[in-house]
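A short write-up of the structure that comes next.
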Amino acid sequence: MDKERLMQFLSDAIDSGALLSIHMSQFEGEDFRPVSQEEAEDRAKRFASIVGQPIEQEDISKKCGSFSVGSTATNGIRGDFIYVLKKPVTVK
């Protein structure tokens, strides 16, 4: 991936008034691992400090949750940071 060109592309999109939605979830590939709630929250906090919007948290299902920041309707950019909920430990 050419990060420099990607950043320029995103900058051009913001300058043109495009609505952007960023979705970060599980890492896929050979080293697949689910994103923890702490990792997702850290990314959401970083993103919130950049765009100046509050963080909202919700449980999407019994298996995952989300931190959402911003709204394409109000400020033109939204970030969703998905995480896998920890499974409850059962004692036998």
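Identifiers in this document derive from the order of the structure tokens: chains are assigned A, B, ..., residues are numbered from 1 separately in each chain, and ligands are numbered from 1 in order of occurrence.
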*Please give the complete set of residues from chain A that DSSP, run on the backbone, assigns to strand (DSSP E), formatted as a ChimeraX atom specification.*
/A:20-24,55-59,64-71,77-84
*Check the DSSP output for the backbone and give back, as an MDAnalysis selection string, the residues of chain A in alpha helix (DSSP H).*
chainID A and resid 3:15 37:51
Go ahead and save the picked residues with C-alpha atoms, as a short mmCIF file (atom, residue, chain, number, x, y, z; two decimals), in the first residue's frame.
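As a result, part03.cif now contains:
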```cif
data_model
loop_
_atom_site.label_atom_id
_atom_site.label_comp_id
_atom_site.auth_asym_id
_atom_site.auth_seq_id
_atom_site.Cartn_x
_atom_site.Cartn_y
_atom_site.Cartn_z
CA LYS A 3 0.41 5.36 2.43
CA GLU A 4 1.54 8.72 1.10
CA ARG A 5 -0.85 8.52 -1.86
CA LEU A 6 -3.65 7.28 0.39
CA MET A 7 -3.19 10.24 2.76
CA GLN A 8 -3.24 12.64 -0.20
CA PHE A 9 -6.37 10.96 -1.53
CA LEU A 10 -8.11 11.38 1.86
CA SER A 11 -6.93 14.98 2.13
CA ASP A 12 -8.32 15.75 -1.34
CA ALA A 13 -11.61 14.07 -0.42
CA ILE A 14 -11.95 16.15 2.77
CA ASP A 15 -11.08 19.36 0.88
CA GLN A 37 -12.28 -3.59 23.34
CA GLU A 38 -9.24 -1.72 24.68
CA GLU A 39 -7.63 -1.48 21.21
CA ALA A 40 -10.85 -0.25 19.62
CA GLU A 41 -11.38 2.30 22.38
CA ASP A 42 -7.81 3.60 22.01
CA ARG A 43 -8.30 4.06 18.26
CA ALA A 44 -11.66 5.75 18.82
CA LYS A 45 -10.11 8.16 21.33
CA ARG A 46 -7.31 9.02 18.90
CA PHE A 47 -9.81 9.57 16.10
CA ALA A 48 -12.12 11.62 18.35
CA SER A 49 -9.25 13.91 19.32
CA ILE A 50 -8.49 14.47 15.62
CA VAL A 51 -12.05 15.20 14.45
#
```
*What's the 6 Å shell around range 68-71 of chain A, counting only C-alpha atoms, without same-chain residues fewer than 6 positions away, as a VMD selection string?*
chain A and resid 53 to 56 77 to 80
Non-local contacts of Glu58 in chain A (8 Å; only C-alpha atoms; under 6 positions in same chain excluded) as a short mmCIF file (atom, residue, chain, number, x, y, z; two decimals) with N, CA, C and O atoms, in the first residue's frame:
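The resulting file, out_18.cif, is shown below:
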```cif
data_model
loop_
_atom_site.label_atom_id
_atom_site.label_comp_id
_atom_site.auth_asym_id
_atom_site.auth_seq_id
_atom_site.Cartn_x
_atom_site.Cartn_y
_atom_site.Cartn_z
N GLY A 65 -18.90 -5.37 19.79
CA GLY A 65 -19.35 -4.03 20.13
C GLY A 65 -18.65 -3.02 19.26
O GLY A 65 -17.79 -3.37 18.43
N SER A 66 -19.01 -1.74 19.45
CA SER A 66 -18.45 -0.70 18.59
C SER A 66 -18.31 0.61 19.36
O SER A 66 -19.13 0.93 20.20
N PHE A 67 -17.25 1.34 19.03
CA PHE A 67 -17.11 2.73 19.42
C PHE A 67 -17.29 3.52 18.14
O PHE A 67 -16.61 3.27 17.14
#
```
*Given only C-alpha atoms as the counted atoms, nearest of A:Leu19, A:Met1, A:Ser25, A:Tyr83 to Gln57 in chain A*: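 Counting only C-alpha atoms, the residue closest to Gln57 in chain A is A:Tyr83.
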*Do you have the CA of Gly76 in chain A-CA of Leu20 in chain A distance handy?*
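Between these atoms lies a distance of 6.2 Å.
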_CA of Thr72 in chain A to CA of Val84 in chain A, distance in Å rounded to a single decimal_ =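 Spanning CA of Thr72 in chain A to CA of Val84 in chain A is a straight-line distance of 24.7 Å.
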*Do you have the CA of Arg33 in chain A-CA of Ile82 in chain A distance handy?*
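Here the two named atoms are 12.7 Å from each other.
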